[in-house]
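Chemist: input_21.cif is reproduced in full below (mmCIF, C-alpha atoms).
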```cif
data_my_file
#
loop_
_atom_site.label_atom_id
_atom_site.label_comp_id
_atom_site.auth_asym_id
_atom_site.auth_seq_id
_atom_site.Cartn_x
_atom_site.Cartn_y
_atom_site.Cartn_z
CA MET A 1 65.31 113.16 157.07
CA SER A 2 64.95 111.84 160.62
CA SER A 3 61.21 112.47 160.42
CA LEU A 4 61.06 110.42 157.24
CA LEU A 5 62.99 107.62 158.93
CA ARG A 6 60.65 107.73 161.93
CA ARG A 7 57.62 107.49 159.64
CA ALA A 8 59.15 104.63 157.72
CA SER A 9 59.93 102.81 160.99
CA CYS A 10 56.37 103.36 162.22
CA ALA A 11 54.94 102.08 158.95
CA LEU A 12 57.15 99.00 159.19
CA LEU A 13 56.08 98.34 162.79
CA LEU A 14 52.41 98.75 161.91
CA THR A 15 52.62 96.30 159.02
CA LEU A 16 54.65 93.75 161.00
CA PRO A 17 51.65 92.05 162.66
CA LEU A 18 50.12 91.50 159.22
CA SER A 19 53.28 90.27 157.62
CA ALA A 20 54.17 86.71 156.74
CA CYS A 21 57.66 85.46 156.14
CA TYR A 22 58.70 82.60 153.85
CA SER A 23 55.10 82.10 152.79
CA VAL A 24 54.38 79.56 150.09
CA ASP A 25 51.11 78.38 148.56
CA HIS A 26 50.87 74.82 147.36
CA PHE A 27 48.26 74.09 144.68
CA ALA A 28 47.08 77.66 144.17
CA GLY A 29 45.46 78.98 141.00
CA ASP A 30 43.11 77.05 138.74
CA GLN A 31 42.70 73.80 140.60
CA SER A 32 41.06 71.89 137.75
CA LYS A 33 44.54 71.27 136.37
CA TYR A 34 45.28 69.19 139.46
CA ASP A 35 42.37 66.82 138.81
CA GLY A 36 43.47 63.22 139.30
CA LEU A 37 46.33 64.02 141.66
CA TYR A 38 45.96 62.54 145.11
CA PHE A 39 47.72 62.65 148.42
CA GLY A 40 48.05 59.06 149.62
CA SER A 41 48.19 56.01 147.41
CA GLU A 42 44.70 54.57 147.99
CA GLY A 43 46.33 51.37 149.15
CA ALA A 44 48.18 50.91 145.86
CA LYS A 45 51.78 49.82 146.04
CA PRO A 46 53.92 52.56 144.60
CA LEU A 47 56.30 51.28 141.95
CA GLU A 48 58.70 54.12 141.51
CA PRO A 49 58.59 57.87 141.67
CA ALA A 50 56.99 59.21 138.52
CA LEU A 51 58.44 62.54 139.37
CA GLU A 52 60.91 63.94 141.85
CA ASP A 53 61.74 67.58 141.55
CA ASP A 54 62.77 70.51 143.64
CA LYS A 55 62.93 74.25 143.29
CA TRP A 56 64.73 76.91 145.24
CA ARG A 57 62.48 79.76 146.24
CA HIS A 58 64.04 83.10 147.01
CA TYR A 59 62.87 85.89 149.26
CA ALA A 60 63.80 89.46 150.05
CA ILE A 61 63.38 91.43 153.31
CA LEU A 62 63.95 88.44 155.62
CA GLY A 63 61.41 86.29 153.85
CA LEU A 64 58.70 88.93 153.57
CA ILE A 65 58.72 89.26 149.78
CA PRO A 66 59.07 86.34 147.39
CA TRP A 67 61.45 87.03 144.50
CA ASP A 68 59.73 84.65 142.17
CA LYS A 69 55.94 84.54 141.76
CA ASP A 70 56.34 81.25 139.93
CA GLN A 71 57.16 79.43 143.15
CA ILE A 72 53.54 79.75 144.27
CA GLU A 73 52.22 77.21 141.80
CA PHE A 74 55.34 75.12 141.56
CA SER A 75 54.18 72.06 143.49
CA GLY A 76 50.97 71.53 141.61
CA ARG A 77 52.25 72.49 138.20
CA ARG A 78 55.18 70.10 138.30
CA LEU A 79 53.05 67.24 139.55
CA ALA A 80 50.40 67.92 136.92
CA GLN A 81 53.05 67.41 134.25
CA VAL A 82 53.42 63.76 135.17
CA GLY A 83 50.43 62.83 133.06
CA SER A 84 47.21 60.96 133.57
CA ASP A 85 48.43 57.39 132.99
CA SER A 86 50.06 57.01 136.36
CA LYS A 87 47.19 58.32 138.48
CA PRO A 88 46.46 58.21 141.30
CA MET A 89 49.74 59.25 142.80
CA ASN A 90 51.12 59.51 146.24
CA ILE A 91 51.86 63.22 146.32
CA VAL A 92 54.45 64.36 148.81
CA VAL A 93 55.34 68.05 149.09
CA GLU A 94 58.23 69.02 151.30
CA SER A 95 59.39 72.51 152.09
CA GLU A 96 62.66 73.00 153.86
CA MET A 97 65.92 74.90 154.09
CA THR A 98 68.71 72.57 153.01
CA PHE A 99 72.10 72.63 154.68
CA VAL A 100 73.65 74.30 151.65
CA GLN A 101 70.92 76.93 151.66
CA GLY A 102 71.51 77.46 155.37
CA LEU A 103 75.18 78.14 154.63
CA ILE A 104 74.24 80.55 151.84
CA ASN A 105 71.74 82.37 154.07
CA VAL A 106 74.35 82.72 156.84
CA ALA A 107 77.00 83.87 154.35
CA VAL A 108 74.63 86.44 152.86
CA GLY A 109 74.04 87.74 156.39
CA PHE A 110 77.67 88.85 156.56
CA ILE A 111 77.19 91.13 153.56
CA PRO A 112 75.77 94.54 154.56
CA PHE A 113 72.00 94.42 154.05
CA GLY A 114 72.49 90.98 152.49
CA SER A 115 69.76 89.28 154.51
CA LEU A 116 67.36 92.04 153.56
CA ILE A 117 67.92 91.33 149.90
CA PHE A 118 68.27 87.58 149.67
CA GLN A 119 67.20 84.50 151.60
CA THR A 120 66.53 81.11 150.10
CA ARG A 121 64.45 78.01 150.85
CA ASN A 122 63.51 74.86 148.96
CA VAL A 123 60.37 73.02 147.87
CA GLU A 124 60.59 69.38 146.87
CA VAL A 125 57.75 67.48 145.21
CA SER A 126 57.32 63.83 144.36
CA GLY A 127 54.56 61.74 142.87
CA TRP A 128 54.45 57.96 142.73
CA ALA A 129 52.93 55.84 140.01
CA LYS A 130 50.25 53.33 140.89
CA GLN A 131 51.11 49.69 140.26
CA MET B 132 90.24 58.39 161.07
CA LYS B 133 89.11 60.19 157.91
CA HIS B 134 86.00 58.03 157.49
CA PRO B 135 84.09 59.30 160.53
CA ILE B 136 84.82 62.88 159.49
CA LEU B 137 83.69 62.13 155.96
CA ALA B 138 80.56 60.42 157.28
CA ALA B 139 79.82 63.34 159.58
CA GLY B 140 80.32 65.74 156.68
CA LEU B 141 77.97 63.78 154.44
CA LEU B 142 75.41 63.54 157.23
CA LEU B 143 75.60 67.28 157.74
CA LEU B 144 75.11 67.92 154.03
CA SER B 145 71.97 65.79 154.03
CA THR B 146 70.36 67.66 156.91
CA SER B 147 67.71 70.28 156.37
CA CYS B 148 66.00 72.81 158.57
CA TYR B 149 62.38 73.89 158.96
CA THR B 150 61.20 70.81 157.07
CA MET B 151 57.45 70.52 156.61
CA VAL B 152 56.22 67.41 154.79
CA HIS B 153 52.74 67.40 153.32
CA ASP B 154 51.73 63.80 152.81
CA TYR B 155 48.85 61.55 153.71
CA GLY B 156 48.68 57.93 154.82
CA GLY B 157 44.96 57.41 155.23
CA SER B 158 42.36 55.74 153.03
CA ARG B 159 40.33 58.76 151.95
CA GLU B 160 40.82 60.68 148.71
CA ILE B 161 42.60 63.95 149.42
CA THR B 162 43.20 65.92 146.24
CA PRO B 163 44.12 69.46 145.21
CA GLY B 164 41.93 68.86 142.15
CA THR B 165 38.25 69.64 141.78
CA THR B 166 36.80 66.12 141.71
CA LEU B 167 37.20 62.75 143.38
CA SER B 168 37.68 59.52 141.44
CA ARG B 169 33.91 58.91 141.51
CA PRO B 170 30.92 61.28 141.32
CA SER B 171 30.57 63.01 144.65
CA GLU B 172 28.58 65.71 146.38
CA ASN B 173 29.82 68.60 148.46
CA VAL B 174 29.23 68.16 152.19
CA GLY B 175 30.89 71.37 153.35
CA THR B 176 34.18 73.19 153.53
CA ILE B 177 37.10 73.23 155.90
CA ASN B 178 39.58 75.97 156.62
CA THR B 179 42.04 75.14 159.32
CA SER B 180 45.45 76.16 160.57
CA LYS B 181 48.05 74.52 162.74
CA ASN B 182 51.38 75.60 164.12
CA ALA B 183 54.55 73.73 163.29
CA TYR B 184 57.19 74.02 166.01
CA PHE B 185 60.93 73.56 165.56
CA LEU B 186 63.86 73.42 167.94
CA PHE B 187 67.53 74.27 167.37
CA TRP B 188 67.44 76.43 164.24
CA GLY B 189 64.78 74.31 162.59
CA LEU B 190 66.75 71.08 162.83
CA LEU B 191 64.28 69.32 165.11
CA PRO B 192 60.59 69.42 164.17
CA THR B 193 58.42 68.69 167.18
CA ASN B 194 55.11 67.86 165.50
CA ASP B 195 53.60 66.60 162.25
CA ALA B 196 52.64 69.57 160.13
CA SER B 197 51.21 67.80 157.09
CA GLY B 198 48.58 70.02 155.52
CA ALA B 199 46.85 67.03 153.91
CA THR B 200 46.53 65.09 157.16
CA GLN B 201 45.45 68.30 158.89
CA ALA B 202 42.66 68.75 156.33
CA GLU B 203 41.29 65.27 157.07
CA THR B 204 41.52 65.82 160.84
CA ALA B 205 39.58 69.09 160.50
CA ALA B 206 36.95 67.43 158.31
CA ILE B 207 36.45 64.62 160.85
CA ALA B 208 36.09 67.19 163.63
CA ASP B 209 33.46 69.15 161.67
CA TYR B 210 31.60 66.44 159.77
CA GLY B 211 32.36 63.17 161.59
CA GLU B 212 33.36 60.11 159.58
CA ASN B 213 30.58 60.63 157.04
CA PHE B 214 32.70 61.72 154.07
CA ASP B 215 34.90 60.05 151.46
CA GLY B 216 37.39 62.69 150.50
CA ILE B 217 38.43 66.31 150.30
CA SER B 218 38.84 68.19 147.03
CA HIS B 219 40.22 71.65 146.23
CA VAL B 220 42.91 71.20 148.88
CA ARG B 221 45.22 74.17 149.18
CA ILE B 222 48.07 74.37 151.63
CA HIS B 223 49.68 77.60 152.73
CA GLU B 224 52.79 77.91 154.87
CA GLU B 225 54.20 80.98 156.50
CA GLN B 226 56.09 82.29 159.47
CA GLY B 227 53.96 85.01 161.05
CA ALA B 228 55.18 88.08 162.92
CA LEU B 229 54.87 86.29 166.26
CA GLY B 230 57.01 83.43 164.94
CA VAL B 231 59.68 85.86 163.78
CA ILE B 232 59.73 87.64 167.15
CA VAL B 233 59.90 84.36 169.09
CA GLU B 234 62.72 83.11 166.87
CA ILE B 235 64.71 86.33 167.34
CA ILE B 236 64.22 86.34 171.14
CA THR B 237 65.28 82.69 171.47
CA LEU B 238 68.14 83.15 168.99
CA GLY B 239 66.65 80.48 166.75
CA ILE B 240 66.42 77.78 169.44
CA PHE B 241 62.64 77.82 169.14
CA SER B 242 60.73 78.72 166.00
CA MET B 243 57.17 78.55 164.90
CA TYR B 244 55.48 78.36 161.50
CA THR B 245 51.84 78.14 160.51
CA VAL B 246 50.35 75.66 158.06
CA GLU B 247 46.88 76.46 156.75
CA SER B 248 44.71 73.99 154.84
CA GLU B 249 41.43 74.48 153.07
CA GLY B 250 39.24 72.32 150.91
CA GLN B 251 35.79 70.96 150.13
CA VAL B 252 34.59 67.93 152.05
CA ARG B 253 32.91 65.46 149.69
CA ARG B 254 30.90 62.29 149.91
CA PHE B 255 30.45 59.77 147.08
CA GLN B 256 27.03 59.87 145.50
CA GLY B 257 25.07 56.81 146.53
CA GLY B 258 26.15 57.02 150.17
CA ASP B 259 29.21 54.85 150.28
CA ALA B 260 30.74 56.58 153.30
#
```
When written as structure tokens, how does the structure in this file appear?
Modeler:
Amino acid sequence: MSSLLRRASCALLLTLPLSACYSVDHFAGDQSKYDGLYFGSEGAKPLEPALEDDKWRHYAILGLIPWDKDQIEFSGRRLAQVGSDSKPMNIVVESEMTFVQGLINVAVGFIPFGSLIFQTRNVEVSGWAKQ
Amino acid sequence: MKHPILAAGLLLLSTSCYTMVHDYGGSREITPGTTLSRPSENVGTINTSKNAYFLFWGLLPTNDASGATQAETAAIADYGENFDGISHVRIHEEQGALGVIVEIITLGIFSMYTVESEGQVRRFQGGDA
């Protein structure tokens, strides 16, 4: 049993340099569906946000493994739903850990192995309509 | 006496840690899509990464980590000013092993993330750069 634990520890240590925690990809996948979406407003005065949305993304093993594969394409997919009439848009993507999520992450840490099972972060997206 | 406490509570609730904002304030067309607003030709590609540093458990970001701005900066460095936009922009964020180790050693006072950007540098057909 101790040999098995040693091997598992070694494997974990060897994979550590290759690991990435809390990783998130914005605008992955088929990028043709993001045609017409722009960062910046091209000098246009933004009227109002055409879309403001956020999504919690959850991870296991201290951020090493995302719980939800859907989070990878979240930013682009949600912005693409705004529609073509309001293009171009001033895309802003913000990833963060909110105060509430910080509290949850700390609280989960008090549960045995809690932090290994669950950690949470947030992605917020907004797109502005052109005047 | 209750108002300052309430205000402090509300302020605390509105705070966030490890915030990375991907926006762009320049005049070029930076898009995750495959085309620019006008017909354009591919000049080259960029693939760049930058570290985002935070102090005090992620509360205080010390530098701008916008992946979109970073893409333009990398394109200027590689291709000069002779381009009109960047298409196929993808942004990837992560905290690498080194970042995790540094954060553990400093007890969260200092932390480090990586923002990677890639895309195709494009110029409008007709040479309008």
Chemist: Ranking A:Val92, A:Leu116, A:Leu64, A:Leu4 by minimum distance to chain B and counting only C-alpha atoms, which one comes first?
Modeler: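 Nearest candidate to chain B out of A:Val92, A:Leu116, A:Leu64, A:Leu4: A:Val92.
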Chemist: Using all atoms listed in the file, which residue out of B:Leu190, B:Ile161, B:Met243, B:Val252 lies closest to chain A?
Modeler: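 Answer, going by the shortest atom-to-atom distance: B:Ile161.
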Chemist: Please evaluate the PyMOL selection byres ((chain B) within 6 of (chain A)) against the structure above and give the resulting residues as a list in words.
Modeler: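 This file gives the following for the PyMOL selection byres ((chain B) within 6 of (chain A)): Leu144, Thr146, Ser147, Cys148, Tyr149, Thr150, Met151, Val152, His153, Asp154, Tyr155, Gly156, Ser158, Ile161, Thr162, Pro163, Gly164, Thr165, Arg221, Ile222, His223, Glu224, Glu225, Gln226, Gly227 and Ala228 of chain B.
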Chemist: Keeping only C-alpha atoms, write the selected residues to a file as a compact mmCIF listing (two decimals), keeping the file's coordinate frame.
Modeler:
```
# COMPACT_ATOMS: atom_id res chain seq x y z
CA LEU B 144 75.11 67.92 154.03
CA THR B 146 70.36 67.66 156.91
CA SER B 147 67.71 70.28 156.37
CA CYS B 148 66.00 72.81 158.57
CA TYR B 149 62.38 73.89 158.96
CA THR B 150 61.20 70.81 157.07
CA MET B 151 57.45 70.52 156.61
CA VAL B 152 56.22 67.41 154.79
CA HIS B 153 52.74 67.40 153.32
CA ASP B 154 51.73 63.80 152.81
CA TYR B 155 48.85 61.55 153.71
CA GLY B 156 48.68 57.93 154.82
CA SER B 158 42.36 55.74 153.03
CA ILE B 161 42.60 63.95 149.42
CA THR B 162 43.20 65.92 146.24
CA PRO B 163 44.12 69.46 145.21
CA GLY B 164 41.93 68.86 142.15
CA THR B 165 38.25 69.64 141.78
CA ARG B 221 45.22 74.17 149.18
CA ILE B 222 48.07 74.37 151.63
CA HIS B 223 49.68 77.60 152.73
CA GLU B 224 52.79 77.91 154.87
CA GLU B 225 54.20 80.98 156.50
CA GLN B 226 56.09 82.29 159.47
CA GLY B 227 53.96 85.01 161.05
CA ALA B 228 55.18 88.08 162.92
```
Chemist: Point out the residue among A:Phe113, A:Asn105, A:Thr120, A:Gly127 with the least atom-to-atom distance to Lys55 of chain A, counting all atoms listed in the file.
Modeler: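 Among the listed residues, the smallest separation from Lys55 of chain A belongs to A:Thr120.
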Chemist: Report as an NGL selection string the full result of the PyMOL selection byres ((chain B and resi 209-217) around 9) when it is applied to this structure.
Modeler: :B and (158-163 or 166-167 or 171 or 174-177 or 202-208 or 218-220 or 250-255 or 258-260)
Chemist: Keeping only C-alpha atoms, write the selected residues to a file as a PDB file, in the coordinates of the input.
Modeler:
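Writing the result to selection-v6.pdb gives the following:
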```pdb
ATOM      1  CA  SER B 158      42.360  55.740 153.030  1.00  0.00           C
ATOM      2  CA  ARG B 159      40.330  58.760 151.950  1.00  0.00           C
ATOM      3  CA  GLU B 160      40.820  60.680 148.710  1.00  0.00           C
ATOM      4  CA  ILE B 161      42.600  63.950 149.420  1.00  0.00           C
ATOM      5  CA  THR B 162      43.200  65.920 146.240  1.00  0.00           C
ATOM      6  CA  PRO B 163      44.120  69.460 145.210  1.00  0.00           C
ATOM      7  CA  THR B 166      36.800  66.120 141.710  1.00  0.00           C
ATOM      8  CA  LEU B 167      37.200  62.750 143.380  1.00  0.00           C
ATOM      9  CA  SER B 171      30.570  63.010 144.650  1.00  0.00           C
ATOM     10  CA  VAL B 174      29.230  68.160 152.190  1.00  0.00           C
ATOM     11  CA  GLY B 175      30.890  71.370 153.350  1.00  0.00           C
ATOM     12  CA  THR B 176      34.180  73.190 153.530  1.00  0.00           C
ATOM     13  CA  ILE B 177      37.100  73.230 155.900  1.00  0.00           C
ATOM     14  CA  ALA B 202      42.660  68.750 156.330  1.00  0.00           C
ATOM     15  CA  GLU B 203      41.290  65.270 157.070  1.00  0.00           C
ATOM     16  CA  THR B 204      41.520  65.820 160.840  1.00  0.00           C
ATOM     17  CA  ALA B 205      39.580  69.090 160.500  1.00  0.00           C
ATOM     18  CA  ALA B 206      36.950  67.430 158.310  1.00  0.00           C
ATOM     19  CA  ILE B 207      36.450  64.620 160.850  1.00  0.00           C
ATOM     20  CA  ALA B 208      36.090  67.190 163.630  1.00  0.00           C
ATOM     21  CA  SER B 218      38.840  68.190 147.030  1.00  0.00           C
ATOM     22  CA  HIS B 219      40.220  71.650 146.230  1.00  0.00           C
ATOM     23  CA  VAL B 220      42.910  71.200 148.880  1.00  0.00           C
ATOM     24  CA  GLY B 250      39.240  72.320 150.910  1.00  0.00           C
ATOM     25  CA  GLN B 251      35.790  70.960 150.130  1.00  0.00           C
ATOM     26  CA  VAL B 252      34.590  67.930 152.050  1.00  0.00           C
ATOM     27  CA  ARG B 253      32.910  65.460 149.690  1.00  0.00           C
ATOM     28  CA  ARG B 254      30.900  62.290 149.910  1.00  0.00           C
ATOM     29  CA  PHE B 255      30.450  59.770 147.080  1.00  0.00           C
ATOM     30  CA  GLY B 258      26.150  57.020 150.170  1.00  0.00           C
ATOM     31  CA  ASP B 259      29.210  54.850 150.280  1.00  0.00           C
ATOM     32  CA  ALA B 260      30.740  56.580 153.300  1.00  0.00           C
TER      33      ALA B 260
END
```
Chemist: Within 9 Å of (40.3, 76.6, 161.1) (file coordinates; only C-alpha atoms), which protein or nucleic acid residues are there? I'd like them as a PyMOL selection string.
Modeler: chain B and resi 177-181+205+247-249
Chemist: Atom CA of Ile61 of chain A to atom CA of Glu234 of chain B: how many Å, to one decimal?
Modeler: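 For atom CA of Ile61 of chain A relative to atom CA of Glu234 of chain B, the distance reads 15.9 Å.
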Chemist: Please indicate the distance in Å from atom CA of Gly239 of chain B to atom CA of Ala183 of chain B, rounded to one decimal place.
Modeler: 14.3 Å
Chemist: Please check which residues have atoms at most 12 Å from (64.4, 78.6, 169.6) in the file's coordinates, counting all atoms listed in the file, and write them as a short mmCIF file (atom, residue, chain, number, x, y, z; two decimals) with C-alpha atoms, keeping the file's coordinate frame.
Modeler:
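The resulting result_14.cif:
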```
data_model
loop_
_atom_site.label_atom_id
_atom_site.label_comp_id
_atom_site.auth_asym_id
_atom_site.auth_seq_id
_atom_site.Cartn_x
_atom_site.Cartn_y
_atom_site.Cartn_z
CA TYR B 149 62.38 73.89 158.96
CA TYR B 184 57.19 74.02 166.01
CA PHE B 185 60.93 73.56 165.56
CA LEU B 186 63.86 73.42 167.94
CA PHE B 187 67.53 74.27 167.37
CA TRP B 188 67.44 76.43 164.24
CA GLY B 189 64.78 74.31 162.59
CA LEU B 190 66.75 71.08 162.83
CA LEU B 191 64.28 69.32 165.11
CA PRO B 192 60.59 69.42 164.17
CA THR B 193 58.42 68.69 167.18
CA GLY B 230 57.01 83.43 164.94
CA VAL B 231 59.68 85.86 163.78
CA ILE B 232 59.73 87.64 167.15
CA VAL B 233 59.90 84.36 169.09
CA GLU B 234 62.72 83.11 166.87
CA ILE B 235 64.71 86.33 167.34
CA ILE B 236 64.22 86.34 171.14
CA THR B 237 65.28 82.69 171.47
CA LEU B 238 68.14 83.15 168.99
CA GLY B 239 66.65 80.48 166.75
CA ILE B 240 66.42 77.78 169.44
CA PHE B 241 62.64 77.82 169.14
CA SER B 242 60.73 78.72 166.00
CA MET B 243 57.17 78.55 164.90
#
```
Chemist: Extract, using only C-alpha atoms, all DNA, RNA and protein residues at most 12 Å from Gly114 of chain A, discarding same-chain residues fewer than 3 positions from it, and format them as a list in words.
Modeler: Tyr59, Ala60, Ile61, Leu62, Ile104, Asn105, Val106, Ala107, Val108, Gly109, Phe110, Ile111, Ile117, Phe118, Gln119 and Thr120 of chain A
Chemist: Could you check how far atom CA of Arg57 of chain A sits from atom CA of Ser145 of chain B, in Å to one decimal?
Modeler: 18.6 Å
